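The structure under discussion appears below in the form of structure tokens.
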Amino acid sequence: MKAEDGKKREPVIRVKNLYKIYRVGETKVKALNGVDFTMYRGEFCAIVGTSGSGKSTLLNMLAGLEKPTRGEIVIAGRHIETLTENQLVAFRREKIGFIFQSYNLLGTMNAVENVALPLSFQGMPRKKRLELAEKYLKLVGLEKVADHMPNQMSGGQQQRVGIARALVVHPQIIFADEPTGNLDSHTTMDVLKLMQKIVREQNQTLIMVTHDDHLATYADRIFHIIDGKIVKIEENGGFQAG
Amino acid sequence: MRFPDLLIMSINNLLRRKLRTFLTVLGVTIGTASIVVMISIGVGLKTFTMEQYASSGSLTAIQIYNYGNYSETNDKTNPEDSFMTDDTMKVFEAIPHVTSAYPKLNMNVIMRQGVYEGNVQLYGIPLEAMQSIKLGQGSLPTAETSDMELVVGNMVAQNFYNAKTGKGYWDSGKMPEVDFLGKPVFTIFDTNAYYQSQAPSGEEGQAVAAPKKYMLRTAGMVEGGPEDWNEYSYGVYVDLEKLKTQLKQVFKKNPIPGQPTNKKGKPYSYFVYTEATVNVDDMDHVIEVQKTINNMGYQANSQMEWLEQSQQQSNMVQAALGGIGAVSLFVAAIGIANTMMMSIYERTKEIGVLKVLGCAMGNIRSMFLLEAGFIGFVGGIIGVVLSLIVSLLINKFLAPMFLYGMEGRLSIIPLWLALPSVFFAVLIGMAAGFFPAMRAMKLSPLAAIRNE
Ligand SMILES: Nc1ncnc2c1ncn2[C@@H]1O[C@H](COP(=O)(O)OP(=O)(O)OP(=O)(O)O)[C@@H](O)[C@H]1O
Ligand SMILES: [Mg+2]
């Protein structure tokens, strides 16, 4: 971070006064209670907090999967809270990669086809997108299991396919909601370092939700959230030697 | 998304649940087959009745009769006005859609060959009108031959009897051995004179001399055995122009039997016809032309007016049969909708993932519509193949029972039925898949995030 201090940092996500209130029967649940922050290009941000603190809610809102009750979200210069569902889908297709906790690979496709899937939504011809997908599979070290179906792969392998799938469209921002939640501690480190390395190399922004403080130490900045409020943003320079 | 990609995804999804897809396709197959088979029976019945009518005369022909009009006319009107003459034919031919009008001169004559004698209807028709007679043996007379030649109906021999015993076909059941093509027949035109000469003379005075017999050659026999009836079976046909010349020669200045006479009892200088045939260019115009001719004061009949009535009945039968088939296709459509709904429930998470990854809503809808349409397509194709097989079996085993042993097909599947029914099955599939597809499109992407 210090090395980059000289450069002017380019903001990619700007959140202003964000609220999300769920109504459950008579009671109101304030999942997000007035959130403001900015995230920059090339940054690895971790969002940490206890269970139920609103981490997933925040991430979903940034990814345009849910509409905020109030407030502004500007991503790459666009107010996404005003977009229609169709526009949001197009926005995710062009700008965003998503890594799921439970991998969510399509069971009917093998590894390389799964990676190529988001490219097919962009209308890329099959041959071209399979080539690109293979390149990304190699990047995550899975060229050997390219023709395996998801049920023929380990959890760690599946998650690495998931990472390749998120990266293949070369998105500006990658969201990951507890990407290592289903993995053992050794595989968790592998996957985390992999994500960190690739995102660094490609100058992309990675936003990861976790409830594990140790994992958060790999990030450049750590956003602490309690009861729907960001209570602390921790600059975290140089700890993670990688 | 590109169309091939969409298609591959849809087909893969269908292949993932093979048994369920198979059962749904089976439903559509049965639905399509029952519609096609039911309609094919309607088409078959319609074609059958049409053929029945066509075999008893052309469907584009109008028969015009003008019997006895001239005897009823009172003093005020000119009897000549209602005559059907060669000029009337020109008037008929001027009616729109009429291709030709042929008069028919009808004579009752006696023919003899050896011991056999018969009362025969002799028809003089234009040579062109003879072209529609289908011959079994011999050839049609041409304009070149100078003699009047006969075309003899295949059942004419039934009218002959043995002049010595007085017994004929109707008494003995034995066909008189009249050989038209091999031997000449003798024709007596003046039947009155003939009967008078035959009658035991004496009562009223002088005996009448037997009229002259004319030897006529037979040029051709109408197609068919003695049992195969068609519209030309019972008549003997000759060239109209030659018959006119012949009659003038036979009767000279005397009135010709069947021809009217003027108030002074003298014959006219021209021939008056009692029958004529008007040919129309298309079946659809027959009724219209027939009305025009009726309005001109002639009695016009056609096969078409009867056919039209029975076609209306056939249409109703066809609609009813089609309706029965439609019910089973409707049930199949419900099956498709059900399958699609189930598949969407199962794939809620997967659809969510697609949306998170940026798959356009329209693409998701298309994917499900394609799945449903594909079920319809495969079901439709197999259904049409199945109905072709069923149709074959019906024609082989059921048709002889229903058509009373007559030759014909009970079930006919024309191309206009086979092809659109596949298209229709696809349409039904898509219609059934429409609401499930809309539902899939509107599913929340959050479903992908939730861990169940
Ligand atoms: N659809 C919903 N309807 C009602 N309340 C909701 C809904 N989604 C989330 N909440 C509530 O919002 C709050 C924040 O939920 P969120 O899922 O963001 O927590 P989290 O920080 O991701 O927790 P965890 O670490 O367990 O995943 C919780 O109190 C939750 O009960
Ligand atoms: Mg969560």
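Chain labels run A, B, ... following the order of the structure tokens; each chain numbers its residues from 1, and ligands are numbered from 1 in the order shown.
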Quiz item: region 86-240 of chain B: which residues are alpha helix (DSSP H) by DSSP, as a PyMOL selection string?
Solution: chain B and resi 86-94+127-130+169-172+191-198+240
Taking N, CA and C atoms for each residue, export the selection above as a PDB file, in the first residue's frame.
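Once written, part.pdb looks like this:
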ATOM      1  N   ASP B  86     -78.600 -24.836 -80.282  1.00  0.00           N
ATOM      2  CA  ASP B  86     -77.165 -24.563 -80.403  1.00  0.00           C
ATOM      3  C   ASP B  86     -76.840 -23.142 -79.971  1.00  0.00           C
ATOM      4  N   ASP B  87     -77.797 -22.220 -80.210  1.00  0.00           N
ATOM      5  CA  ASP B  87     -77.566 -20.836 -79.790  1.00  0.00           C
ATOM      6  C   ASP B  87     -77.522 -20.729 -78.262  1.00  0.00           C
ATOM      7  N   THR B  88     -78.379 -21.526 -77.598  1.00  0.00           N
ATOM      8  CA  THR B  88     -78.384 -21.508 -76.138  1.00  0.00           C
ATOM      9  C   THR B  88     -77.017 -21.930 -75.601  1.00  0.00           C
ATOM     10  N   MET B  89     -76.393 -22.883 -76.283  1.00  0.00           N
ATOM     11  CA  MET B  89     -75.067 -23.348 -75.845  1.00  0.00           C
ATOM     12  C   MET B  89     -74.081 -22.192 -75.847  1.00  0.00           C
ATOM     13  N   LYS B  90     -74.204 -21.343 -76.868  1.00  0.00           N
ATOM     14  CA  LYS B  90     -73.295 -20.188 -76.935  1.00  0.00           C
ATOM     15  C   LYS B  90     -73.549 -19.253 -75.758  1.00  0.00           C
ATOM     16  N   VAL B  91     -74.842 -19.119 -75.402  1.00  0.00           N
ATOM     17  CA  VAL B  91     -75.172 -18.280 -74.238  1.00  0.00           C
ATOM     18  C   VAL B  91     -74.539 -18.868 -72.975  1.00  0.00           C
ATOM     19  N   PHE B  92     -74.663 -20.194 -72.813  1.00  0.00           N
ATOM     20  CA  PHE B  92     -74.069 -20.843 -71.635  1.00  0.00           C
ATOM     21  C   PHE B  92     -72.555 -20.621 -71.599  1.00  0.00           C
ATOM     22  N   GLU B  93     -71.969 -20.756 -72.762  1.00  0.00           N
ATOM     23  CA  GLU B  93     -70.501 -20.639 -72.802  1.00  0.00           C
ATOM     24  C   GLU B  93     -70.027 -19.235 -72.465  1.00  0.00           C
ATOM     25  N   ALA B  94     -70.950 -18.273 -72.577  1.00  0.00           N
ATOM     26  CA  ALA B  94     -70.575 -16.888 -72.275  1.00  0.00           C
ATOM     27  C   ALA B  94     -70.606 -16.611 -70.767  1.00  0.00           C
ATOM     28  N   LEU B 127     -68.183 -34.239 -80.577  1.00  0.00           N
ATOM     29  CA  LEU B 127     -66.983 -35.079 -80.496  1.00  0.00           C
ATOM     30  C   LEU B 127     -66.121 -34.712 -79.291  1.00  0.00           C
ATOM     31  N   GLU B 128     -66.040 -33.405 -78.985  1.00  0.00           N
ATOM     32  CA  GLU B 128     -65.201 -32.983 -77.849  1.00  0.00           C
ATOM     33  C   GLU B 128     -65.731 -33.563 -76.543  1.00  0.00           C
ATOM     34  N   ALA B 129     -67.065 -33.641 -76.447  1.00  0.00           N
ATOM     35  CA  ALA B 129     -67.659 -34.163 -75.218  1.00  0.00           C
ATOM     36  C   ALA B 129     -67.355 -35.641 -75.058  1.00  0.00           C
ATOM     37  N   MET B 130     -67.110 -36.308 -76.183  1.00  0.00           N
ATOM     38  CA  MET B 130     -66.808 -37.744 -76.110  1.00  0.00           C
ATOM     39  C   MET B 130     -65.453 -38.003 -75.466  1.00  0.00           C
ATOM     40  N   TYR B 169     -82.006 -60.409 -70.381  1.00  0.00           N
ATOM     41  CA  TYR B 169     -81.147 -60.471 -69.194  1.00  0.00           C
ATOM     42  C   TYR B 169     -81.956 -60.453 -67.917  1.00  0.00           C
ATOM     43  N   TRP B 170     -82.969 -59.611 -67.897  1.00  0.00           N
ATOM     44  CA  TRP B 170     -83.731 -59.427 -66.666  1.00  0.00           C
ATOM     45  C   TRP B 170     -84.584 -60.637 -66.347  1.00  0.00           C
ATOM     46  N   ASP B 171     -84.896 -61.472 -67.372  1.00  0.00           N
ATOM     47  CA  ASP B 171     -85.683 -62.682 -67.121  1.00  0.00           C
ATOM     48  C   ASP B 171     -84.772 -63.852 -66.770  1.00  0.00           C
ATOM     49  N   SER B 172     -83.732 -64.007 -67.557  1.00  0.00           N
ATOM     50  CA  SER B 172     -82.924 -65.214 -67.392  1.00  0.00           C
ATOM     51  C   SER B 172     -81.678 -64.983 -66.546  1.00  0.00           C
ATOM     52  N   THR B 191     -89.026 -45.831 -84.558  1.00  0.00           N
ATOM     53  CA  THR B 191     -89.548 -46.922 -83.734  1.00  0.00           C
ATOM     54  C   THR B 191     -91.059 -47.078 -83.871  1.00  0.00           C
ATOM     55  N   ASN B 192     -91.766 -45.943 -84.014  1.00  0.00           N
ATOM     56  CA  ASN B 192     -93.227 -46.023 -84.160  1.00  0.00           C
ATOM     57  C   ASN B 192     -93.604 -46.897 -85.339  1.00  0.00           C
ATOM     58  N   ALA B 193     -92.979 -46.612 -86.445  1.00  0.00           N
ATOM     59  CA  ALA B 193     -93.277 -47.370 -87.658  1.00  0.00           C
ATOM     60  C   ALA B 193     -92.945 -48.836 -87.458  1.00  0.00           C
ATOM     61  N   TYR B 194     -91.837 -49.058 -86.728  1.00  0.00           N
ATOM     62  CA  TYR B 194     -91.409 -50.423 -86.513  1.00  0.00           C
ATOM     63  C   TYR B 194     -92.447 -51.196 -85.702  1.00  0.00           C
ATOM     64  N   TYR B 195     -92.916 -50.570 -84.608  1.00  0.00           N
ATOM     65  CA  TYR B 195     -93.906 -51.260 -83.777  1.00  0.00           C
ATOM     66  C   TYR B 195     -95.189 -51.485 -84.548  1.00  0.00           C
ATOM     67  N   GLN B 196     -95.599 -50.491 -85.327  1.00  0.00           N
ATOM     68  CA  GLN B 196     -96.833 -50.651 -86.108  1.00  0.00           C
ATOM     69  C   GLN B 196     -96.686 -51.790 -87.096  1.00  0.00           C
ATOM     70  N   SER B 197     -95.519 -51.913 -87.692  1.00  0.00           N
ATOM     71  CA  SER B 197     -95.317 -52.976 -88.672  1.00  0.00           C
ATOM     72  C   SER B 197     -95.282 -54.334 -87.990  1.00  0.00           C
ATOM     73  N   GLN B 198     -94.829 -54.353 -86.737  1.00  0.00           N
ATOM     74  CA  GLN B 198     -94.756 -55.607 -86.011  1.00  0.00           C
ATOM     75  C   GLN B 198     -96.114 -56.049 -85.495  1.00  0.00           C
ATOM     76  N   LEU B 240     -72.742 -35.940 -82.575  1.00  0.00           N
ATOM     77  CA  LEU B 240     -73.976 -35.180 -82.689  1.00  0.00           C
ATOM     78  C   LEU B 240     -74.237 -34.737 -84.133  1.00  0.00           C
TER      79      LEU B 240
END
Practice problem: May I have the residues within 10 Å of ligand 2, computed using only C-alpha atoms and all ligand atoms, as a list in words? | Solution: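 Based on only C-alpha atoms and all ligand atoms, ligand 2 is surrounded within 10 Å by Gly49, Thr50, Ser51, Gly52, Ser53, Gly54, Lys55, Ser56, Thr57, Leu58, Leu59, Asn60, Gln101, Asp177, Glu178, Val209, Thr210 and His211 of chain A; Ile449, Arg450 and Asn451 of chain B.
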Quiz prompt | Distance filter 9 Å, only C-alpha atoms, chain B against chain A, as an MDAnalysis selection string | solution = chainID B and resid 1:2 5 9 12:13 16 349:350 353:363 444:446 448:449 451
Quiz item: Hey, which of A:Met153, A:Ile233, A:Leu167, A:Ala176 ends up closest to ligand 1? Count only C-alpha atoms and all ligand atoms.
Solution: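 Checking each candidate against ligand 1, we get A:Ala176 as the closest.
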Quiz item: Between A:Lys67, A:His170, A:Lys16, A:Arg41, which one has atoms that come closest to ligand 1, using only C-alpha atoms and all ligand atoms?
Solution: A:Lys67
Exercise. Looking only at strand (DSSP E or B) from DSSP on the backbone, list the matching residues of region 170-224 of chain B as JSON, numbers by chain.
Key: {"B": [185, 186, 187, 188, 202, 205, 214, 215, 216, 217, 218, 219, 220, 221, 222]}
For the residues in that selection, give me all heavy atoms as a short mmCIF file (atom, residue, chain, number, x, y, z; two decimals), in the first residue's frame.
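Result file is result-v7.cif:
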data_model
loop_
_atom_site.label_atom_id
_atom_site.label_comp_id
_atom_site.auth_asym_id
_atom_site.auth_seq_id
_atom_site.Cartn_x
_atom_site.Cartn_y
_atom_site.Cartn_z
N VAL B 185 -74.35 -53.82 -85.88
CA VAL B 185 -75.71 -53.84 -85.34
C VAL B 185 -76.59 -53.04 -86.29
O VAL B 185 -76.14 -52.10 -86.93
CB VAL B 185 -75.78 -53.23 -83.92
CG1 VAL B 185 -75.20 -54.17 -82.90
CG2 VAL B 185 -75.09 -51.90 -83.87
N PHE B 186 -77.84 -53.45 -86.35
CA PHE B 186 -78.79 -52.75 -87.20
C PHE B 186 -79.65 -51.86 -86.34
O PHE B 186 -80.18 -52.28 -85.32
CB PHE B 186 -79.64 -53.76 -87.99
CG PHE B 186 -78.81 -54.51 -88.98
CD1 PHE B 186 -78.23 -55.73 -88.65
CD2 PHE B 186 -78.58 -53.98 -90.25
CE1 PHE B 186 -77.44 -56.41 -89.55
CE2 PHE B 186 -77.79 -54.66 -91.17
CZ PHE B 186 -77.21 -55.88 -90.82
N THR B 187 -79.78 -50.62 -86.76
CA THR B 187 -80.48 -49.64 -85.94
C THR B 187 -81.73 -49.16 -86.65
O THR B 187 -81.69 -48.84 -87.84
CB THR B 187 -79.55 -48.47 -85.64
OG1 THR B 187 -78.36 -48.97 -85.05
CG2 THR B 187 -80.20 -47.48 -84.68
N ILE B 188 -82.81 -49.15 -85.89
CA ILE B 188 -84.07 -48.63 -86.44
C ILE B 188 -84.38 -47.34 -85.72
O ILE B 188 -84.53 -47.30 -84.50
CB ILE B 188 -85.21 -49.65 -86.21
CG1 ILE B 188 -84.89 -50.93 -86.96
CG2 ILE B 188 -86.53 -49.07 -86.64
CD1 ILE B 188 -85.26 -52.17 -86.22
N GLY B 202 -104.36 -55.50 -89.48
CA GLY B 202 -105.74 -55.80 -89.82
C GLY B 202 -106.75 -54.94 -89.11
O GLY B 202 -107.72 -54.52 -89.71
N GLY B 205 -106.86 -51.36 -90.54
CA GLY B 205 -106.69 -51.18 -91.99
C GLY B 205 -105.32 -51.58 -92.45
O GLY B 205 -104.82 -52.66 -92.10
N TYR B 214 -80.61 -49.40 -90.39
CA TYR B 214 -79.30 -48.86 -90.78
C TYR B 214 -78.22 -49.66 -90.10
O TYR B 214 -78.27 -49.92 -88.90
CB TYR B 214 -79.19 -47.38 -90.38
CG TYR B 214 -80.18 -46.53 -91.14
CD1 TYR B 214 -81.47 -46.36 -90.68
CD2 TYR B 214 -79.78 -45.91 -92.34
CE1 TYR B 214 -82.38 -45.60 -91.38
CE2 TYR B 214 -80.70 -45.14 -93.05
CZ TYR B 214 -81.99 -44.99 -92.57
OH TYR B 214 -82.88 -44.24 -93.26
N MET B 215 -77.23 -50.06 -90.89
CA MET B 215 -76.13 -50.83 -90.33
C MET B 215 -75.07 -49.86 -89.79
O MET B 215 -74.57 -49.02 -90.52
CB MET B 215 -75.51 -51.71 -91.40
CG MET B 215 -74.64 -52.79 -90.82
SD MET B 215 -73.87 -53.71 -92.13
CE MET B 215 -72.42 -52.77 -92.39
N LEU B 216 -74.79 -49.97 -88.48
CA LEU B 216 -73.83 -49.05 -87.87
C LEU B 216 -72.67 -49.84 -87.27
O LEU B 216 -72.86 -50.91 -86.69
CB LEU B 216 -74.50 -48.21 -86.78
CG LEU B 216 -75.63 -47.30 -87.26
CD1 LEU B 216 -76.25 -46.59 -86.08
CD2 LEU B 216 -75.13 -46.28 -88.28
N ARG B 217 -71.47 -49.26 -87.42
CA ARG B 217 -70.28 -49.91 -86.89
C ARG B 217 -69.99 -49.38 -85.47
O ARG B 217 -70.21 -48.22 -85.18
CB ARG B 217 -69.10 -49.59 -87.80
CG ARG B 217 -67.95 -50.57 -87.71
CD ARG B 217 -66.81 -50.13 -88.63
NE ARG B 217 -66.04 -49.06 -88.02
CZ ARG B 217 -65.05 -49.28 -87.13
NH1 ARG B 217 -64.74 -50.52 -86.78
NH2 ARG B 217 -64.37 -48.28 -86.61
N THR B 218 -69.53 -50.25 -84.63
CA THR B 218 -69.14 -49.82 -83.27
C THR B 218 -67.65 -49.49 -83.25
O THR B 218 -66.83 -50.32 -83.63
CB THR B 218 -69.42 -50.93 -82.24
OG1 THR B 218 -70.80 -51.28 -82.33
CG2 THR B 218 -69.10 -50.45 -80.83
N ALA B 219 -67.36 -48.27 -82.80
CA ALA B 219 -65.95 -47.86 -82.77
C ALA B 219 -65.30 -48.23 -81.45
O ALA B 219 -64.13 -48.60 -81.40
CB ALA B 219 -65.83 -46.36 -82.98
N GLY B 220 -66.06 -48.15 -80.35
CA GLY B 220 -65.43 -48.42 -79.05
C GLY B 220 -66.44 -48.82 -78.00
O GLY B 220 -67.64 -48.57 -78.14
N MET B 221 -65.95 -49.50 -76.98
CA MET B 221 -66.80 -49.89 -75.85
C MET B 221 -66.36 -49.10 -74.61
O MET B 221 -65.16 -48.92 -74.37
CB MET B 221 -66.61 -51.39 -75.54
CG MET B 221 -67.10 -52.33 -76.60
SD MET B 221 -68.90 -52.35 -76.73
CE MET B 221 -69.35 -53.10 -75.19
N VAL B 222 -67.35 -48.69 -73.83
CA VAL B 222 -67.03 -47.97 -72.59
C VAL B 222 -66.34 -48.92 -71.62
O VAL B 222 -66.65 -50.11 -71.56
CB VAL B 222 -68.32 -47.39 -71.98
CG1 VAL B 222 -68.04 -46.77 -70.62
CG2 VAL B 222 -68.92 -46.36 -72.91
#
